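What follows is one structure encoded as structure tokens, with my remarks underneath.
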Amino acid sequence: MSGAAPALPAAPSILTPEEQAHRRLVWISTVDHKRIGILYLVFALVFFAVGGLEALFIRLQLAAPNNTLLSPDTFNALFTLHGTTMIFLVVMPAVFGLVNYCLPLMIGARDMAFPRLNALSVWLVLFGGALLYFCVLTGPPTMGWFAYAPLSETPYTPSLGVDYWIVALLALGIGSVATGINFITTVLCLRAPGMTLRRLPLFVWINFVNAFIVILALPVLNAGLIMLLMDRRLGTHFFLAREGGSPVLWQHIFWGFGHPEVYILALPAFGIVSEIIPVFARKPIFGYGFVASSSVAIGILSFGVWAHHMFTVGMGHAAENFFAIASMLIAIPTGVKVLNWSATLIGGRIRMDVPLLYCVAFLIQFTIGGLSGVTHAEVALDWQTKNSYYLVAHFHYVAVGGIFFALLAGLHYWFPKITGRMLDDRLGRLGFWLFVVGFNATFMIQHVLGFMGMPRRVYTYPDLPGWHWMNLLSTCGAGVMAVASLVLLWNIARSLRRGRPAGDNPWEAWTLEWATTSPPPAHNFERLPEVRGRRPLWDLAHPERPDPPTPSGDIVAPDHTRAAVWCLIASEAAFFGVLLLVFVFFNISPPAGPNSRNSLELGRTLAFSLCLFLSSFTLWRSEAAERRGQRRRMAAWLGLTILLGLVFIVGQGREYLGLFHRGIGFGTNLFSSSFYILTGFHGLHVCAGLIALLIALGLSLSGELRRRGASPLGAIGLYWHFVDAVWVFVLATVYVLPRLL
Amino acid sequence: MTSSPESIFSPDSPQARAIVSLWTVNFVVCALIFTVVAAMVAVGLCYFRGRPGDADPKQVAENRRIEVAWLCGPVAIVALLFVLNLRAMARSDPPPSGPDDLEVIGHQWWWEIRDLRAGIVTANEVHIPVGRPVSVRLDTADVLHEFWVPRLTRKMTAVPLAGNHIWIEADHPGIYRGVCSEFCGTEHAWMRVMVVAQPPAEFAAWEKAQERAAAAPSGEAADGLRLMRSMTCVNCHAIRGLAPGGTAGPDLTHFASRRTFGSGVLANTPANLRRWLADPQKIKPGVKMPDFNLKPAQLDALVACLESLR
């Protein structure tokens with residue numbers, strides 16, 4: 001297409017003409033993965049503007065020594081909000097947006113496995129963002145995005161902003177877990193014929209792995225946040241040292257989430273680059289197997305490296321060395337990936353379009369960030385540079401120079417698919433170079449500032465030799481990035497209306513999303529090309545020399561609902577795992593005052609535990625009856641299950657009442673706090689299960705279940721058995737073991 | 001970089017030097033790896049640039065031998081760095097031995113320094129004799145703080161009740177600046193600290209002077225002392241010999257002998273002190289010391305009193 005004519009041919013629009021008439025409702029009510037993906041991207045863009053402005057003010061304040069532009073607490077609020085916004089409201093939604101849009105298309109699916117759950121997730125982003133920024137009215141959080149105790153506790157930061165920050169992250173965390181479950185189930189259950197796991201595009205592979213990290217890491221944060229909220233509002237002392245708690249425990253929990261989170265942000269970036277570089281080098285990714293398997297390695301290792309954030313809290317050399325090894329090991333699969341990407345370029349016929357430019361910048365900048373990461377894994381070096389500007393430079397090279405650049409590559413790459421129009425090439429190149437110059441000017445010099453002893457999170461600094469001009473340079477760089485962002489926004493706004501129509505496959509790419517129109521129709525594909533290898537569109541275009549065949553196999557798609565419940569169970573297991581560990585941590589030597597031995601009655605608890613365990617049996621009978629079509633028997637067993645569950649809840653309620661009467665409240669000591677949070681959350685899960693069972697009972701009595709064909713009982717049953725299994729661990733840890741030890 | 005007064009690359013103690021020598025190795029290794037990656041990318045972009053109409057290149061998908069080699073390279077590098085790291089850790093952070101010499105306590109937002117042998121309490125200035133490792137225990141009165149004097153030693157967090165330990169040593173006399181490097185609230189930026197390393201004789205003399213209680217002031221300074229007692233200054237600040245007791249703020253017994261106040265926010269001169277007392281919230285917003293709305297005559301008396309505390 002020439003594109004020179006003033007009257008451009010109309011590109012297909014995202015909304016159909018009927019939808020144009022009530023477009024607001026369309027966007028609010030949508031459950032289409034593509035529109036939800038776009039919503040995610042729009043939210044990310046809005047919050048990017050907010051987080052970017054915060055960064056700009058941070059840099060303005062630091063432009064000169066002893067500057068008084070901002071008050072100290074304004075500055076502290078800005079860096080707290082900047083970190084939280086960029087991680088939870090920009091990069092995660094942007095990633096989820098791209099995955100939401102592309103993943104079903106890439107595997108040839110009609111939509112995500114759970115479209116309505118998907119809609120819940122995306123609106124939780126907006127809800128979480130609103131909760132976080134509600135602090136504008138209540139006083140902002142000023143404790144840093146890492147919320148280290150005891151600073152984040154009420155005696156030191158009484159502001160309600162901290163509490164809003166906590167509930168905002170809880171909302172976002174729950175939404176993210178739902179998204180993770182959706183991704184996993186979609187990949188497992190909805191692949192097109194021929195799309196075996198070994199033929200998945202790397203973007204899908206990597207985000208599939210990533211979804212497991214999401215569902216396992218976020219619950220760890222949620223557990224910690226709830227404990228912090230209890231400390232602040234219910235008088236417990238989980239993280240207050242002088243009352244028996246442990247501020248270091250917060251760090252373990254926070255980074256137990258926080259480091260996997262780094263990979264939650266980084267892996268999708270790897271996925272994007274792994275898609276784009278081959279297309280623009282015109283040859284397949286070098287070492288598909290290595291890139292895919294190294295992602296799995298990163299996913300697993302990411303859970304074993306958290307304490308490298310804690311080399312200066314005095315864990316002792318032995319523990320520090322363990323985490324140093326683990327952290328350096330994770331550099332190996334990451335390094336291998338960089339080499340694979342670089343090698344993909346060699347021997348290609350490279351097209352220097354904007355998406356590739358961003359990928360090249362990603363390669364160079366991410367390598368720098370990765371190398372400075374290795375120096376942080378070396379304990380002795382970290383002892384000097386931790387919490388200095390060297391660290392700030394390091395993680396911005398990863399997060400901005402790496403992840404953000406990859407997201408921009410992805411945006412430029414998929415924009416034509418999403419909107420049906422190309423982004424302007426000239427503006428794209430201008431924006432790219434401004435971002436490269438601005439980014440490196442801002443952050444390269446910060447390495448040096450860190451070496452020279454400048455600590456991070458300071459609102460001002462004395463006029464020491466060299467510090468002024470270096471900070472000023474950094475601020476100027478931030479200004480250039482702001483201009484680059486405006487160019488990007490302008491390009492998007494302009495291209496949305498006047499961009500050159502893209503056609504189905506403007507980049508001549510090889511994955512399935514390019515086999516349909518741009519934008520794709522609501523049902524995604526008119527007809528799917530046959531999938532025989534990793535690059536179906538290559539095979540289609542070159543029938544004379546298709547890719548060497550990859551092992552084929554039948555796709556065994558598990559049942560949607562069961563797959564999702566298993567994911568939920570994994571996620572909940574992580575949550576209860578943290579609470580169990582917390583209980584063990586505080587009760588391994590029983591604290592003074594009430595403890596398991598002198599306050600809990602084993603006999604009565606065993607009695608109502610028995611009811612709970614029996615309820616698993618009755619539910620199993622009910623499922624069996626349902627399979628045999630014995631409706632009445634099924635309802636009877638189901639009713640008995642609910643009754644047994646109620647007995648358990650009443651028993652637990654009586655136990656709580658008894659404890660309250662004896663003056664044992666949430667905050668009495670660390671035993672009572674860790675007891676109530678563990679058994680309380682288990683009780684809440686039992687209640688949730690009871691509600692689900694009641695709904696199932698109601699449906700079956702009204703005959704609705706039979707009419708629907710599919711029964712939810714199997715999925716609810718899985719969940720119920722899991723809740724019972726958790727109680728086995730709780731019973732052993734809380735009631736039985738302390739008596740034996 | 002080395003000319004900066006706080007650079008980690010101008011170490012002046014065996015502990016800090018051990019870390020710098022590990023840095024040197026790291027710079028070489030990182031430069032090598034970066035060169036390899038950059039070269040691959042550059043070769044790719046320069047020699048394999050496509051032109052419109054080019055046919056597709058050869059579709060190479062993998063080369064197991066090269067990939068295994070790639071895996072081994074990083075493994076070897078990581079192993080080397082880890083071993084060197086072990087050595088640097090042992091040298092820069094030997095285990096504590098014997099009783100501690102000093103206790104450094106972080107407060108929002110200043111440092112309390114207790115000389116455990118001589119019983120001296122001072123603030124924001126750590127005095128040590130040259131050439132002898134000094135054993136320091138870190139503690140905190142409130143939130144987490146982190147003690148970091150880049151030219152002398154590793155940083156270490158002050159965790160409540162944890163009793164974290166570092167060694168401080170300086171090879172030459174001089175002033176070594178440092179900071180609190182763990183975010184600790186509003187005035188984290190002005191929680192600076194300095195280590196003053198002195199030749200042994202000079203250090204002994206300093207210690208002796210600090211051990212003395214404050215002498216009763218006379219004239220205007222005596223008015224100042226009366227003000228301090230009547231205006232609740234002494235509820236927070238102790239002056240050994242004259243007004244013992246307060247522990248919330250820095251000990252003032254030998255205030256005038258210190259180089260800065262407000263944890264580095266101002267040099268300790270009478271003019272600065274007057275500015276500070278007139279409105280501490282203006283100079284260090286959020287500081288726990290309130291603005292007492294002092295009149296000029298009261299300011300004169302207080303400055304005179306504090307300047308007499310040598």
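Residues are referred to by chain and number: the chain letter is A, B, ... according to the order shown in the structure tokens, the number counts from 1 in that chain, and ligands are numbered separately from 1 in the order shown.
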
Handout entry: All residues 8 Å or closer to range 329-332 of chain A, only C-alpha atoms, same chain fewer than 3 positions away omitted, as a list in words
Key =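 The contact residues come out as Ala297, Ile298, Leu301, Ser302, Ile325, Ala326, Gly335, Val336, Gly370 and Val374 of chain A; Leu71, Pro74, Val75 and Val78 of chain B.
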
Requested write-out: C-alpha atoms of the selected residues, as a PDB file, in the first residue's frame:
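Written out: out-v1.pdb:
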```
ATOM      1  CA  ALA A 297      14.891 -22.743  35.174  1.00  0.00           C
ATOM      2  CA  ILE A 298      14.488 -19.042  35.916  1.00  0.00           C
ATOM      3  CA  LEU A 301      15.266 -20.508  40.747  1.00  0.00           C
ATOM      4  CA  SER A 302      13.399 -17.234  41.220  1.00  0.00           C
ATOM      5  CA  ILE A 325      25.073 -19.009  44.872  1.00  0.00           C
ATOM      6  CA  ALA A 326      21.390 -19.229  44.004  1.00  0.00           C
ATOM      7  CA  GLY A 335      22.895 -15.018  30.162  1.00  0.00           C
ATOM      8  CA  VAL A 336      22.200 -17.937  27.837  1.00  0.00           C
ATOM      9  CA  GLY A 370      22.266  -8.117  34.240  1.00  0.00           C
ATOM     10  CA  VAL A 374      25.781 -10.253  39.150  1.00  0.00           C
TER      11      VAL A 374
ATOM     12  CA  LEU B  71      26.256 -22.778  29.211  1.00  0.00           C
ATOM     13  CA  PRO B  74      28.935 -18.527  32.456  1.00  0.00           C
ATOM     14  CA  VAL B  75      29.155 -21.441  34.901  1.00  0.00           C
ATOM     15  CA  VAL B  78      30.183 -17.560  38.193  1.00  0.00           C
TER      16      VAL B  78
END
```

Q. Mind listing as number ranges by chain which residues of chain A are within 7 Å of chain B, counting only C-alpha atoms?
A. A: 72-73, 143, 150-151, 241, 282-287, 312-314, 328, 332, 336, 339, 342-343, 345-351, 364, 367, 371, 378-381, 383-384, 387, 451-453, 455, 457-461, 465

Could the residues in this selection be saved with C-alpha atoms as a CSV table (one decimal), in the first residue's frame?
```csv
chain,number,residue,atom,x,y,z
A,72,PRO,CA,10.9,15.7,52.6
A,73,ASP,CA,7.6,13.8,53.1
A,143,MET,CA,7.3,4.4,53.9
A,150,PRO,CA,9.0,-1.1,61.8
A,151,LEU,CA,8.9,2.1,59.7
A,241,ALA,CA,10.8,-6.5,67.6
A,282,ARG,CA,14.0,-13.3,9.0
A,283,LYS,CA,15.1,-16.6,10.6
A,284,PRO,CA,13.9,-18.7,13.5
A,285,ILE,CA,15.0,-18.1,17.1
A,286,PHE,CA,18.4,-19.6,17.7
A,287,GLY,CA,17.9,-22.4,20.3
A,312,THR,CA,23.1,-6.3,55.1
A,313,VAL,CA,20.6,-7.3,57.8
A,314,GLY,CA,23.0,-9.6,59.4
A,328,MET,CA,24.5,-16.2,40.6
A,332,ILE,CA,23.3,-18.5,33.8
A,336,VAL,CA,22.2,-17.9,27.8
A,339,LEU,CA,23.4,-15.1,23.7
A,342,SER,CA,22.3,-12.1,19.8
A,343,ALA,CA,23.0,-15.2,17.8
A,345,LEU,CA,20.7,-11.7,14.6
A,346,ILE,CA,23.8,-13.3,13.1
A,347,GLY,CA,23.2,-14.7,9.7
A,348,GLY,CA,19.9,-13.0,9.2
A,349,ARG,CA,18.6,-10.4,6.7
A,350,ILE,CA,17.9,-7.8,9.4
A,351,ARG,CA,15.1,-5.3,8.9
A,364,ILE,CA,22.5,-3.9,25.2
A,367,THR,CA,23.1,-6.9,29.5
A,371,LEU,CA,26.0,-7.7,34.8
A,378,GLU,CA,28.4,-11.1,45.2
A,379,VAL,CA,27.9,-10.5,48.9
A,380,ALA,CA,31.0,-8.5,49.6
A,381,LEU,CA,30.3,-6.1,46.8
A,383,TRP,CA,27.9,-4.8,51.3
A,384,GLN,CA,29.2,-1.6,49.7
A,387,ASN,CA,21.0,1.0,49.0
A,451,PHE,CA,30.3,4.4,43.9
A,452,MET,CA,30.8,7.8,45.3
A,453,GLY,CA,28.6,7.1,48.2
A,455,PRO,CA,22.5,6.6,49.2
A,457,ARG,CA,15.8,7.5,48.9
A,458,VAL,CA,17.3,10.8,50.1
A,459,TYR,CA,15.3,13.9,49.3
A,460,THR,CA,18.4,16.0,49.2
A,461,TYR,CA,22.2,15.8,49.5
A,465,PRO,CA,32.5,17.2,44.8
```

#### Entry: Residue contacts of range 95-97 of chain A (7 Å, only C-alpha atoms) excluding same-chain residues fewer than 2 positions away, as a list of chain:residue names
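Near range 95-97 of chain A, the qualifying residues are A:Gly37, A:Ile38, A:Tyr40, A:Leu41, A:Val91, A:Met92, A:Pro93, A:Val99, A:Asn100, A:Tyr101, A:Pro268.
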
For this session: Mind checking which residues fall within 7 Å of range 238-246 of chain B, counting only C-alpha atoms, ignoring those fewer than 3 positions away in the same chain, and posting them as a list in words?
Result: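 Returned residues: Ala213, Ala214, Ala216, Val234, Asn235, Asp251, Leu252 and Thr253 of chain B.
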
Could you give me the residues within range 20-181 of chain B that DSSP places in helix (DSSP H, G or I), as an MDAnalysis selection string? chainID B and resid 20:47 64:92

Output of the above residues as a PDB file, in the first residue's frame, restricted to C-alpha atoms:
```pdb
ATOM      1  CA  VAL B  20      37.737  -2.944  46.081  1.00  0.00           C
ATOM      2  CA  SER B  21      40.075  -5.660  44.832  1.00  0.00           C
ATOM      3  CA  LEU B  22      37.046  -7.852  44.173  1.00  0.00           C
ATOM      4  CA  TRP B  23      35.556  -4.948  42.235  1.00  0.00           C
ATOM      5  CA  THR B  24      38.609  -4.808  39.991  1.00  0.00           C
ATOM      6  CA  VAL B  25      38.126  -8.436  38.948  1.00  0.00           C
ATOM      7  CA  ASN B  26      34.433  -7.796  38.374  1.00  0.00           C
ATOM      8  CA  PHE B  27      35.051  -4.815  36.131  1.00  0.00           C
ATOM      9  CA  VAL B  28      37.300  -6.919  33.918  1.00  0.00           C
ATOM     10  CA  VAL B  29      34.853  -9.819  33.766  1.00  0.00           C
ATOM     11  CA  CYS B  30      31.848  -7.585  33.102  1.00  0.00           C
ATOM     12  CA  ALA B  31      33.718  -5.650  30.414  1.00  0.00           C
ATOM     13  CA  LEU B  32      34.640  -8.910  28.684  1.00  0.00           C
ATOM     14  CA  ILE B  33      31.105 -10.276  28.722  1.00  0.00           C
ATOM     15  CA  PHE B  34      29.648  -6.982  27.588  1.00  0.00           C
ATOM     16  CA  THR B  35      32.137  -6.835  24.723  1.00  0.00           C
ATOM     17  CA  VAL B  36      31.128 -10.306  23.561  1.00  0.00           C
ATOM     18  CA  VAL B  37      27.418  -9.447  23.545  1.00  0.00           C
ATOM     19  CA  ALA B  38      27.916  -6.021  22.002  1.00  0.00           C
ATOM     20  CA  ALA B  39      30.195  -7.504  19.353  1.00  0.00           C
ATOM     21  CA  MET B  40      27.646 -10.167  18.435  1.00  0.00           C
ATOM     22  CA  VAL B  41      24.918  -7.551  18.140  1.00  0.00           C
ATOM     23  CA  ALA B  42      27.168  -5.192  16.179  1.00  0.00           C
ATOM     24  CA  VAL B  43      28.261  -7.923  13.771  1.00  0.00           C
ATOM     25  CA  GLY B  44      24.642  -8.923  13.330  1.00  0.00           C
ATOM     26  CA  LEU B  45      23.512  -5.398  12.583  1.00  0.00           C
ATOM     27  CA  CYS B  46      26.447  -4.427  10.351  1.00  0.00           C
ATOM     28  CA  TYR B  47      26.954  -7.531   8.243  1.00  0.00           C
ATOM     29  CA  ARG B  64      23.694 -27.719  20.269  1.00  0.00           C
ATOM     30  CA  ARG B  65      27.483 -27.621  20.514  1.00  0.00           C
ATOM     31  CA  ILE B  66      27.647 -23.838  20.636  1.00  0.00           C
ATOM     32  CA  GLU B  67      24.799 -23.703  23.098  1.00  0.00           C
ATOM     33  CA  VAL B  68      26.427 -26.138  25.505  1.00  0.00           C
ATOM     34  CA  ALA B  69      29.614 -24.091  25.312  1.00  0.00           C
ATOM     35  CA  TRP B  70      27.590 -21.014  26.226  1.00  0.00           C
ATOM     36  CA  LEU B  71      26.256 -22.778  29.211  1.00  0.00           C
ATOM     37  CA  CYS B  72      29.721 -23.754  30.428  1.00  0.00           C
ATOM     38  CA  GLY B  73      31.242 -20.295  30.005  1.00  0.00           C
ATOM     39  CA  PRO B  74      28.935 -18.527  32.456  1.00  0.00           C
ATOM     40  CA  VAL B  75      29.155 -21.441  34.901  1.00  0.00           C
ATOM     41  CA  ALA B  76      32.933 -21.090  35.050  1.00  0.00           C
ATOM     42  CA  ILE B  77      32.758 -17.327  35.441  1.00  0.00           C
ATOM     43  CA  VAL B  78      30.183 -17.560  38.193  1.00  0.00           C
ATOM     44  CA  ALA B  79      32.245 -20.159  40.048  1.00  0.00           C
ATOM     45  CA  LEU B  80      35.339 -17.962  39.878  1.00  0.00           C
ATOM     46  CA  LEU B  81      33.498 -14.893  41.132  1.00  0.00           C
ATOM     47  CA  PHE B  82      31.913 -16.838  43.940  1.00  0.00           C
ATOM     48  CA  VAL B  83      35.245 -18.098  45.248  1.00  0.00           C
ATOM     49  CA  LEU B  84      36.773 -14.630  45.089  1.00  0.00           C
ATOM     50  CA  ASN B  85      33.705 -13.327  46.864  1.00  0.00           C
ATOM     51  CA  LEU B  86      34.217 -15.807  49.694  1.00  0.00           C
ATOM     52  CA  ARG B  87      37.726 -14.471  50.191  1.00  0.00           C
ATOM     53  CA  ALA B  88      36.583 -10.864  50.157  1.00  0.00           C
ATOM     54  CA  MET B  89      33.839 -11.624  52.670  1.00  0.00           C
ATOM     55  CA  ALA B  90      36.267 -13.197  55.111  1.00  0.00           C
ATOM     56  CA  ARG B  91      38.652 -10.254  54.819  1.00  0.00           C
ATOM     57  CA  SER B  92      36.149  -7.448  54.976  1.00  0.00           C
TER      58      SER B  92
END
```

Just the number, please: distance in Å from CA of Gly119 in chain B to CA of Met289 in chain B, one decimal.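 So the two atoms, CA of Gly119 in chain B and CA of Met289 in chain B, lie 25.6 Å apart.
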
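Across the structure, CA of His412 in chain A and CA of Gly428 in chain A are spaced 8.1 Å apart.
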
Residues near Ala119 in chain A, anyone? I mean within 8 Å using only C-alpha atoms, not counting same-chain ones fewer than 2 positions away, as a ChimeraX atom specification.
/A:30-31,36,115-117,121-123

| said: Please list as number ranges by chain every residue within 12 Å of Asn669 in chain A, counting only C-alpha atoms and excluding residues in the same chain fewer than 5 positions away. | reply: A: 231, 235-238, 240, 242-245, 583, 586-587, 590-596, 663-664, 674-676

Ala361 in chain A environment, 9 Å, only C-alpha atoms, sequence neighbours closer than 5 positions dropped, as a compact mmCIF listing (two decimals) with N, CA and C atoms, in the first residue's frame:
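Listing of around.txt after writing:
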```txt
# COMPACT_ATOMS: atom_id res chain seq x y z
N LEU A 356 12.39 -3.76 16.15
CA LEU A 356 13.72 -4.35 16.30
C LEU A 356 14.67 -3.38 16.98
N PHE A 366 19.85 -4.40 28.80
CA PHE A 366 19.57 -5.48 29.74
C PHE A 366 20.86 -6.21 30.12
N GLY A 401 15.49 -0.02 30.99
CA GLY A 401 16.31 -0.36 29.82
C GLY A 401 15.97 -1.73 29.28
N GLY A 402 15.59 -2.65 30.15
CA GLY A 402 15.20 -3.99 29.70
C GLY A 402 13.72 -4.09 29.47
N PHE A 405 11.69 -1.17 27.62
CA PHE A 405 12.03 -1.13 26.19
C PHE A 405 11.40 -2.32 25.46
N ALA A 406 11.41 -3.49 26.11
CA ALA A 406 10.80 -4.65 25.46
C ALA A 406 9.30 -4.44 25.29
N VAL A 436 16.36 6.24 24.13
CA VAL A 436 17.70 5.68 24.36
C VAL A 436 18.60 6.74 25.01
```
